[in-house]
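Undergrad: First the structure, which I've put down as structure tokens, then a few questions once you've had a look.
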Amino acid sequence: MSGIGLGQRPQTRRQKQIKLLWIGIWLAYLSAPVKDLLHGGHSDGVRILGCLGLVVFVVWYFALIFRTGRRETNGAVLGALAVLAAQSAVLSLFLGREWLVLFVYVSISAGAALPMRLARWAIPVTSALMTVIALSVPGGEAYLAGLLLPALLGGFAMTGVRELVRTTIALREARATVAQLAANEERLRLARDLHDLLGHSLSLITLKSELAGRMLPDHPDTAARQIADIENVSRQALVDVREAVTGYRRPRLPGELAGAQVALTAAGITADVPAEPDLTGISEECETALAWALREAVTNVVRHSGARRCSVELVRRQTLDGPTVQLTVEDDGQGADGSTYGNGLTGLTERLEKTGGELTAQPGRRGGFRLVALVPAGAGTGAGDEPIGSGA
């Protein structure tokens, strides 16, 4: 059996029937007007007009309740309530005190269909109108005591239900928005990871393939070792991609420093890379951001710079914002315009900003290109500029 969630409009015929049944239960309180039509001693003409008036009232009431939460203007709702109130007044004045119960339904409709700022006036006005009509019909005072409190309490109770429904709808929409943002963020993370992983690995495979091709005629044994390295790199790239897809891969800075040494050496670039960095006080997120920055920077040096030398430096710095760790990668190649970031540098900037760090890409001090990644470090990690890695 399919139910209707709070704040959800009925979508299927079955759901509409369930809502209709739930609202229809409360029509049991119309037994007084129905009994009056059957046993009140009215003429046949009056009975026919009374039945017609009651049917029109119920239909109008259902139409108003079913539109709760939709986007009709408040003016249209007030007009519909005025029609219900007019029907109640006419039927009560001409058919008797038993029909005063219709005002309770008008009050409940006001609470269900109007915002609180209007319902808090419409409900008392409806109750006041019922009081005036009750004092105008014979025996109405006796019915007023039993109807005035239900009209007020029922109307204001429905305002609470309306606000609960609106809040539930807002929470459901917010949850859908959060889910969409999370999905977008995951797609962005995957795109960044795949770019960084495959860019580095494929560059290394290309370099070793070219090297093996040149060595094959004269040095087949050396070429075979290069091909074995290509196989290892390919297998590792496959593992990295699988781990990136499942969201578990976090590159470590020591491993990336070792990989940078291998990649730069394979490309024929003299590498000055520190080893065994001291990562005390550096959070896992900051270390991961630095590792990605190092991988992207070295990949760009190997693929685009045409450099003969590349240096990597890891230094702790004490700044006005607190202790930081600075990664600097600088080459002596042909240089590039650091003001225009590609996909890789844009992704790095986003990674570093999430850790409270920043990325700077600019021409090197001796030509070439210089990339600086800065991340916050824990307190108590030393003062001044202090290298945190020993030489390779």
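Ordering of the structure tokens sets the chain letters (A, B, ...); residue numbers start at 1 within each chain; ligands are numbered from 1 in the order shown.
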Excluding same-chain residues fewer than 2 positions from Ile282 of chain A, what lies within 8 Å of it counting only C-alpha atoms, as a ChimeraX atom specification?

TA: /A:279-280,284,286-287,376-378

Undergrad: Hey, what's within 8 Å of segment 249-266 of chain A if we count only C-alpha atoms and toss same-chain stuff fewer than 6 positions away? As a ChimeraX atom specification, please?

TA: /A:204,207-208,240,243,272-277,287-288,290-292,294-295,298,302,310

Undergrad: Since we have the selection now, will you write its residues out, keeping N, CA, C and O atoms, as a PDB file, in the first residue's frame?

TA:
```
ATOM      1  N   LEU A 204      55.156   9.437 -18.057  1.00  0.00           N
ATOM      2  CA  LEU A 204      56.293   8.576 -17.755  1.00  0.00           C
ATOM      3  C   LEU A 204      56.354   7.392 -18.717  1.00  0.00           C
ATOM      4  O   LEU A 204      57.435   7.012 -19.191  1.00  0.00           O
ATOM      5  N   LEU A 207      57.728   8.660 -22.056  1.00  0.00           N
ATOM      6  CA  LEU A 207      59.180   8.891 -22.018  1.00  0.00           C
ATOM      7  C   LEU A 207      59.954   7.570 -22.062  1.00  0.00           C
ATOM      8  O   LEU A 207      60.924   7.427 -22.819  1.00  0.00           O
ATOM      9  N   LYS A 208      59.529   6.616 -21.260  1.00  0.00           N
ATOM     10  CA  LYS A 208      60.254   5.341 -21.225  1.00  0.00           C
ATOM     11  C   LYS A 208      60.077   4.568 -22.537  1.00  0.00           C
ATOM     12  O   LYS A 208      60.981   3.840 -22.957  1.00  0.00           O
ATOM     13  N   ASP A 240      46.021   2.861  -9.197  1.00  0.00           N
ATOM     14  CA  ASP A 240      45.700   4.215  -8.741  1.00  0.00           C
ATOM     15  C   ASP A 240      44.328   4.661  -9.226  1.00  0.00           C
ATOM     16  O   ASP A 240      43.565   5.284  -8.490  1.00  0.00           O
ATOM     17  N   GLU A 243      41.639   2.952  -7.216  1.00  0.00           N
ATOM     18  CA  GLU A 243      41.517   3.529  -5.883  1.00  0.00           C
ATOM     19  C   GLU A 243      40.903   4.922  -5.931  1.00  0.00           C
ATOM     20  O   GLU A 243      40.136   5.307  -5.044  1.00  0.00           O
ATOM     21  N   ASP A 272      66.858  17.965  -8.355  1.00  0.00           N
ATOM     22  CA  ASP A 272      67.278  18.284  -6.991  1.00  0.00           C
ATOM     23  C   ASP A 272      66.039  18.149  -6.113  1.00  0.00           C
ATOM     24  O   ASP A 272      65.255  19.089  -5.946  1.00  0.00           O
ATOM     25  N   VAL A 273      65.854  16.938  -5.579  1.00  0.00           N
ATOM     26  CA  VAL A 273      64.618  16.608  -4.872  1.00  0.00           C
ATOM     27  C   VAL A 273      64.964  16.178  -3.457  1.00  0.00           C
ATOM     28  O   VAL A 273      65.813  15.296  -3.272  1.00  0.00           O
ATOM     29  N   PRO A 274      64.326  16.758  -2.435  1.00  0.00           N
ATOM     30  CA  PRO A 274      64.594  16.323  -1.063  1.00  0.00           C
ATOM     31  C   PRO A 274      63.979  14.947  -0.815  1.00  0.00           C
ATOM     32  O   PRO A 274      63.046  14.523  -1.494  1.00  0.00           O
ATOM     33  N   ALA A 275      64.499  14.274   0.188  1.00  0.00           N
ATOM     34  CA  ALA A 275      63.968  12.962   0.575  1.00  0.00           C
ATOM     35  C   ALA A 275      63.679  12.965   2.062  1.00  0.00           C
ATOM     36  O   ALA A 275      64.174  13.814   2.817  1.00  0.00           O
ATOM     37  N   GLU A 276      62.879  12.004   2.490  1.00  0.00           N
ATOM     38  CA  GLU A 276      62.547  11.821   3.904  1.00  0.00           C
ATOM     39  C   GLU A 276      62.081  13.123   4.557  1.00  0.00           C
ATOM     40  O   GLU A 276      62.700  13.638   5.491  1.00  0.00           O
ATOM     41  N   PRO A 277      60.980  13.697   4.090  1.00  0.00           N
ATOM     42  CA  PRO A 277      60.502  14.951   4.680  1.00  0.00           C
ATOM     43  C   PRO A 277      59.967  14.742   6.094  1.00  0.00           C
ATOM     44  O   PRO A 277      59.424  13.697   6.424  1.00  0.00           O
ATOM     45  N   GLU A 287      48.925  17.303   3.555  1.00  0.00           N
ATOM     46  CA  GLU A 287      49.947  16.487   2.905  1.00  0.00           C
ATOM     47  C   GLU A 287      49.470  15.997   1.537  1.00  0.00           C
ATOM     48  O   GLU A 287      50.225  16.007   0.554  1.00  0.00           O
ATOM     49  N   THR A 288      48.203  15.583   1.476  1.00  0.00           N
ATOM     50  CA  THR A 288      47.644  15.117   0.210  1.00  0.00           C
ATOM     51  C   THR A 288      47.636  16.236  -0.825  1.00  0.00           C
ATOM     52  O   THR A 288      47.984  16.018  -1.990  1.00  0.00           O
ATOM     53  N   LEU A 290      49.647  18.818  -0.985  1.00  0.00           N
ATOM     54  CA  LEU A 290      51.032  19.039  -1.432  1.00  0.00           C
ATOM     55  C   LEU A 290      51.495  17.932  -2.375  1.00  0.00           C
ATOM     56  O   LEU A 290      52.213  18.197  -3.353  1.00  0.00           O
ATOM     57  N   ALA A 291      51.097  16.696  -2.079  1.00  0.00           N
ATOM     58  CA  ALA A 291      51.487  15.579  -2.946  1.00  0.00           C
ATOM     59  C   ALA A 291      50.910  15.741  -4.343  1.00  0.00           C
ATOM     60  O   ALA A 291      51.601  15.530  -5.349  1.00  0.00           O
ATOM     61  N   TRP A 292      49.630  16.145  -4.434  1.00  0.00           N
ATOM     62  CA  TRP A 292      49.037  16.388  -5.757  1.00  0.00           C
ATOM     63  C   TRP A 292      49.732  17.556  -6.461  1.00  0.00           C
ATOM     64  O   TRP A 292      49.951  17.520  -7.683  1.00  0.00           O
ATOM     65  N   LEU A 294      52.841  18.539  -6.129  1.00  0.00           N
ATOM     66  CA  LEU A 294      54.143  18.082  -6.606  1.00  0.00           C
ATOM     67  C   LEU A 294      53.993  17.234  -7.860  1.00  0.00           C
ATOM     68  O   LEU A 294      54.737  17.403  -8.840  1.00  0.00           O
ATOM     69  N   ARG A 295      53.026  16.336  -7.872  1.00  0.00           N
ATOM     70  CA  ARG A 295      52.824  15.469  -9.038  1.00  0.00           C
ATOM     71  C   ARG A 295      52.470  16.297 -10.278  1.00  0.00           C
ATOM     72  O   ARG A 295      53.031  16.090 -11.356  1.00  0.00           O
ATOM     73  N   VAL A 298      55.616  18.383 -11.475  1.00  0.00           N
ATOM     74  CA  VAL A 298      56.643  17.561 -12.125  1.00  0.00           C
ATOM     75  C   VAL A 298      56.147  17.068 -13.484  1.00  0.00           C
ATOM     76  O   VAL A 298      56.912  17.037 -14.466  1.00  0.00           O
ATOM     77  N   VAL A 302      58.097  17.758 -17.026  1.00  0.00           N
ATOM     78  CA  VAL A 302      58.509  16.684 -17.928  1.00  0.00           C
ATOM     79  C   VAL A 302      57.888  16.853 -19.314  1.00  0.00           C
ATOM     80  O   VAL A 302      58.549  16.661 -20.337  1.00  0.00           O
ATOM     81  N   CYS A 310      65.683  20.824 -12.613  1.00  0.00           N
ATOM     82  CA  CYS A 310      64.466  21.115 -11.842  1.00  0.00           C
ATOM     83  C   CYS A 310      64.769  20.907 -10.368  1.00  0.00           C
ATOM     84  O   CYS A 310      65.359  19.890  -9.987  1.00  0.00           O
TER      85      CYS A 310
END
```

Undergrad: Need to verify the contact set: Ala119 of chain A, 8 Å, only C-alpha atoms, exclusion of same-chain residues closer than 4 positions in sequence. Can you return it as a PyMOL selection string?

TA: chain A and resi 110-111+114-115+123+156+159

Undergrad: Next, the residues of the selection above should be written as an mmCIF file, in the first residue's frame with N, CA, C and O atoms.

TA:
```
data_model
loop_
_atom_site.group_PDB
_atom_site.id
_atom_site.type_symbol
_atom_site.label_atom_id
_atom_site.label_comp_id
_atom_site.auth_asym_id
_atom_site.auth_seq_id
_atom_site.Cartn_x
_atom_site.Cartn_y
_atom_site.Cartn_z
ATOM 1 N N ALA A 110 -9.443 27.964 6.502
ATOM 2 C CA ALA A 110 -8.603 29.160 6.592
ATOM 3 C C ALA A 110 -7.229 28.803 7.152
ATOM 4 O O ALA A 110 -6.192 29.269 6.659
ATOM 5 N N GLY A 111 -7.199 27.958 8.203
ATOM 6 C CA GLY A 111 -5.911 27.560 8.772
ATOM 7 C C GLY A 111 -5.079 26.720 7.834
ATOM 8 O O GLY A 111 -3.851 26.808 7.822
ATOM 9 N N LEU A 114 -4.301 29.305 4.231
ATOM 10 C CA LEU A 114 -3.735 30.651 4.296
ATOM 11 C C LEU A 114 -2.421 30.654 5.064
ATOM 12 O O LEU A 114 -2.234 29.865 6.000
ATOM 13 N N PRO A 115 -1.496 31.547 4.716
ATOM 14 C CA PRO A 115 -0.293 31.706 5.538
ATOM 15 C C PRO A 115 -0.661 32.256 6.913
ATOM 16 O O PRO A 115 -1.723 32.861 7.096
ATOM 17 N N ILE A 123 -9.316 33.344 10.960
ATOM 18 C CA ILE A 123 -9.967 32.399 11.884
ATOM 19 C C ILE A 123 -10.819 33.124 12.925
ATOM 20 O O ILE A 123 -11.990 32.771 13.132
ATOM 21 N N PHE A 156 -6.529 27.106 14.227
ATOM 22 C CA PHE A 156 -5.122 27.366 14.546
ATOM 23 C C PHE A 156 -4.301 26.079 14.546
ATOM 24 O O PHE A 156 -3.088 26.123 14.257
ATOM 25 N N THR A 159 -3.111 25.677 11.079
ATOM 26 C CA THR A 159 -1.969 26.538 10.708
ATOM 27 C C THR A 159 -0.659 25.852 11.067
ATOM 28 O O THR A 159 0.331 25.942 10.335
#
```

Undergrad: I'd like to know which of A:Leu198, A:Ala142, A:Met215, A:Ala112 is closest to Val161 of chain A, using only C-alpha atoms.

TA: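 Checking each candidate against Val161 of chain A, we get A:Ala112 as the closest.
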
Undergrad: Where does DSSP see alpha helix (DSSP H) in segment 162-286 of chain A, if you list the residues as a PyMOL selection string?

TA: chain A and resi 162-215+220-246+253-266+284-286

Undergrad: What residues in segment 241-366 of chain A get the DSSP label strand (DSSP E or B)? Please answer as an NGL selection string.

TA: :A and (270-272 or 274-275 or 309-319 or 322-331 or 358-363 or 365)

Undergrad: Could you tell me how far atom CA of Thr355 of chain A lies from atom CA of Ala373 of chain A, in Å and to one decimal?

TA: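 Those two atoms sit 11.4 Å apart.
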
Undergrad: Please, what distance in Å, to one decimal, runs between atom CA of Leu135 of chain A and atom CA of His39 of chain A?

TA: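 Computing it gives 23.2 Å between the two atoms.
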
Undergrad: My list of candidates is A:Tyr61, A:Leu345, A:Leu188, A:Glu386. Which is closest to Trp26 of chain A when distances are computed with only C-alpha atoms?

TA: A:Tyr61

Undergrad: Determine, counting only C-alpha atoms, which protein, DNA and RNA residues have an atom within 8 Å of an atom of segment 71-82 of chain A; residues of the same chain fewer than 3 positions away are not included. Present the result as an mmCIF file with all heavy atoms, in the first residue's frame.

TA:
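Saved as around-v3.cif:
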```cif
data_model
loop_
_atom_site.group_PDB
_atom_site.id
_atom_site.type_symbol
_atom_site.label_atom_id
_atom_site.label_comp_id
_atom_site.auth_asym_id
_atom_site.auth_seq_id
_atom_site.Cartn_x
_atom_site.Cartn_y
_atom_site.Cartn_z
ATOM 1 N N TRP A 60 -16.819 22.645 -2.605
ATOM 2 C CA TRP A 60 -15.966 23.837 -2.511
ATOM 3 C C TRP A 60 -14.912 23.649 -1.415
ATOM 4 O O TRP A 60 -13.751 24.040 -1.573
ATOM 5 C CB TRP A 60 -16.847 25.056 -2.227
ATOM 6 C CG TRP A 60 -16.200 26.361 -2.579
ATOM 7 C CD1 TRP A 60 -15.585 27.231 -1.736
ATOM 8 C CD2 TRP A 60 -16.089 26.948 -3.875
ATOM 9 N NE1 TRP A 60 -15.101 28.315 -2.402
ATOM 10 C CE2 TRP A 60 -15.409 28.171 -3.738
ATOM 11 C CE3 TRP A 60 -16.528 26.565 -5.145
ATOM 12 C CZ2 TRP A 60 -15.133 29.009 -4.806
ATOM 13 C CZ3 TRP A 60 -16.258 27.403 -6.217
ATOM 14 C CH2 TRP A 60 -15.571 28.603 -6.043
ATOM 15 N N LEU A 64 -10.787 23.536 -1.888
ATOM 16 C CA LEU A 64 -9.897 24.437 -1.156
ATOM 17 C C LEU A 64 -8.839 23.666 -0.380
ATOM 18 O O LEU A 64 -7.658 24.033 -0.373
ATOM 19 C CB LEU A 64 -10.726 25.317 -0.217
ATOM 20 C CG LEU A 64 -9.990 26.459 0.489
ATOM 21 C CD1 LEU A 64 -9.364 27.390 -0.530
ATOM 22 C CD2 LEU A 64 -10.941 27.219 1.396
ATOM 23 N N ALA A 85 -17.895 30.976 3.633
ATOM 24 C CA ALA A 85 -18.521 31.659 4.760
ATOM 25 C C ALA A 85 -19.926 32.148 4.399
ATOM 26 O O ALA A 85 -20.860 32.054 5.223
ATOM 27 C CB ALA A 85 -17.638 32.827 5.206
ATOM 28 N N ALA A 86 -20.085 32.636 3.171
ATOM 29 C CA ALA A 86 -21.405 33.105 2.738
ATOM 30 C C ALA A 86 -22.394 31.945 2.672
ATOM 31 O O ALA A 86 -23.567 32.070 3.097
ATOM 32 C CB ALA A 86 -21.285 33.793 1.381
ATOM 33 N N VAL A 106 -15.140 26.157 7.711
ATOM 34 C CA VAL A 106 -14.570 27.380 7.133
ATOM 35 C C VAL A 106 -13.311 27.781 7.892
ATOM 36 O O VAL A 106 -12.276 28.137 7.304
ATOM 37 C CB VAL A 106 -15.603 28.522 7.166
ATOM 38 C CG1 VAL A 106 -14.983 29.801 6.592
ATOM 39 C CG2 VAL A 106 -16.855 28.147 6.389
ATOM 40 N N SER A 109 -10.486 25.436 7.036
ATOM 41 C CA SER A 109 -9.995 25.736 5.688
ATOM 42 C C SER A 109 -9.081 26.956 5.703
ATOM 43 O O SER A 109 -8.061 26.987 5.005
ATOM 44 C CB SER A 109 -11.167 25.980 4.742
ATOM 45 O OG SER A 109 -12.009 24.854 4.665
ATOM 46 N N ALA A 110 -9.443 27.964 6.502
ATOM 47 C CA ALA A 110 -8.603 29.160 6.592
ATOM 48 C C ALA A 110 -7.229 28.803 7.152
ATOM 49 O O ALA A 110 -6.192 29.269 6.659
ATOM 50 C CB ALA A 110 -9.285 30.207 7.467
ATOM 51 N N ALA A 113 -5.250 26.704 4.376
ATOM 52 C CA ALA A 113 -4.960 27.264 3.058
ATOM 53 C C ALA A 113 -4.302 28.628 3.088
ATOM 54 O O ALA A 113 -3.768 29.069 2.064
ATOM 55 C CB ALA A 113 -6.254 27.357 2.242
ATOM 56 N N LEU A 114 -4.301 29.305 4.231
ATOM 57 C CA LEU A 114 -3.735 30.651 4.296
ATOM 58 C C LEU A 114 -2.421 30.654 5.064
ATOM 59 O O LEU A 114 -2.234 29.865 6.000
ATOM 60 C CB LEU A 114 -4.715 31.599 4.999
ATOM 61 C CG LEU A 114 -5.947 32.050 4.206
ATOM 62 C CD1 LEU A 114 -6.856 32.866 5.099
ATOM 63 C CD2 LEU A 114 -5.561 32.832 2.961
#
```

Undergrad: So how many Å separate atom CA of Ser201 of chain A and atom CA of Val372 of chain A, to one decimal?

TA: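 Atom-to-atom, atom CA of Ser201 of chain A to atom CA of Val372 of chain A, that is 22.3 Å.
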
Undergrad: Under the rule that only C-alpha atoms are counted, which of A:Glu358, A:Leu93, A:Leu374, A:Ile108 is the nearest residue to Ala157 of chain A?

TA: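 Once distances to Ala157 of chain A are computed over only C-alpha atoms, the minimum belongs to A:Ile108.
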
Undergrad: Nearest residue to Gly333 of chain A out of A:Gly347, A:Glu185, A:Glu313, A:Arg365, using only C-alpha atoms?

TA: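 Closest candidate: A:Arg365.
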
Undergrad: Point out the residue among A:Glu330, A:Glu163, A:Asp218, A:Glu353 with the least atom-to-atom distance to Glu285 of chain A, counting only C-alpha atoms.

TA: A:Glu353

Undergrad: Might you pull out every residue within 12 Å of Gly140 of chain A, with only C-alpha atoms counted and same-chain residues fewer than 2 positions away left off, and present them as a VMD selection string?

TA: chain A and resid 92 to 93 95 to 101 130 to 138 142 to 148

Undergrad: Go ahead and save the picked residues with C-alpha atoms, as a PDB file, in the first residue's frame.

TA:
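Result saved to part_3.pdb:
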```pdb
ATOM      1  CA  SER A  92     -27.658  28.693   8.913  1.00  0.00           C
ATOM      2  CA  LEU A  93     -30.047  31.658   8.700  1.00  0.00           C
ATOM      3  CA  LEU A  95     -32.374  26.289   7.802  1.00  0.00           C
ATOM      4  CA  GLY A  96     -31.516  26.699  11.478  1.00  0.00           C
ATOM      5  CA  ARG A  97     -28.905  26.280  14.193  1.00  0.00           C
ATOM      6  CA  GLU A  98     -27.822  22.780  13.093  1.00  0.00           C
ATOM      7  CA  TRP A  99     -26.040  24.355  10.148  1.00  0.00           C
ATOM      8  CA  LEU A 100     -23.726  26.496  12.294  1.00  0.00           C
ATOM      9  CA  VAL A 101     -21.241  23.592  12.238  1.00  0.00           C
ATOM     10  CA  MET A 130     -20.485  32.371  13.473  1.00  0.00           C
ATOM     11  CA  THR A 131     -21.246  34.058  16.805  1.00  0.00           C
ATOM     12  CA  VAL A 132     -23.304  36.759  15.113  1.00  0.00           C
ATOM     13  CA  ILE A 133     -25.274  34.197  13.086  1.00  0.00           C
ATOM     14  CA  ALA A 134     -25.789  31.990  16.174  1.00  0.00           C
ATOM     15  CA  LEU A 135     -27.314  34.906  18.058  1.00  0.00           C
ATOM     16  CA  SER A 136     -29.608  35.560  15.102  1.00  0.00           C
ATOM     17  CA  VAL A 137     -31.184  32.087  14.781  1.00  0.00           C
ATOM     18  CA  PRO A 138     -33.529  30.470  17.306  1.00  0.00           C
ATOM     19  CA  ALA A 142     -26.983  26.626  22.906  1.00  0.00           C
ATOM     20  CA  TYR A 143     -24.947  25.454  19.874  1.00  0.00           C
ATOM     21  CA  LEU A 144     -22.449  28.334  20.054  1.00  0.00           C
ATOM     22  CA  ALA A 145     -20.762  27.087  23.219  1.00  0.00           C
ATOM     23  CA  GLY A 146     -20.007  23.719  21.581  1.00  0.00           C
ATOM     24  CA  LEU A 147     -18.811  25.136  18.261  1.00  0.00           C
ATOM     25  CA  LEU A 148     -16.812  28.260  19.088  1.00  0.00           C
TER      26      LEU A 148
END
```
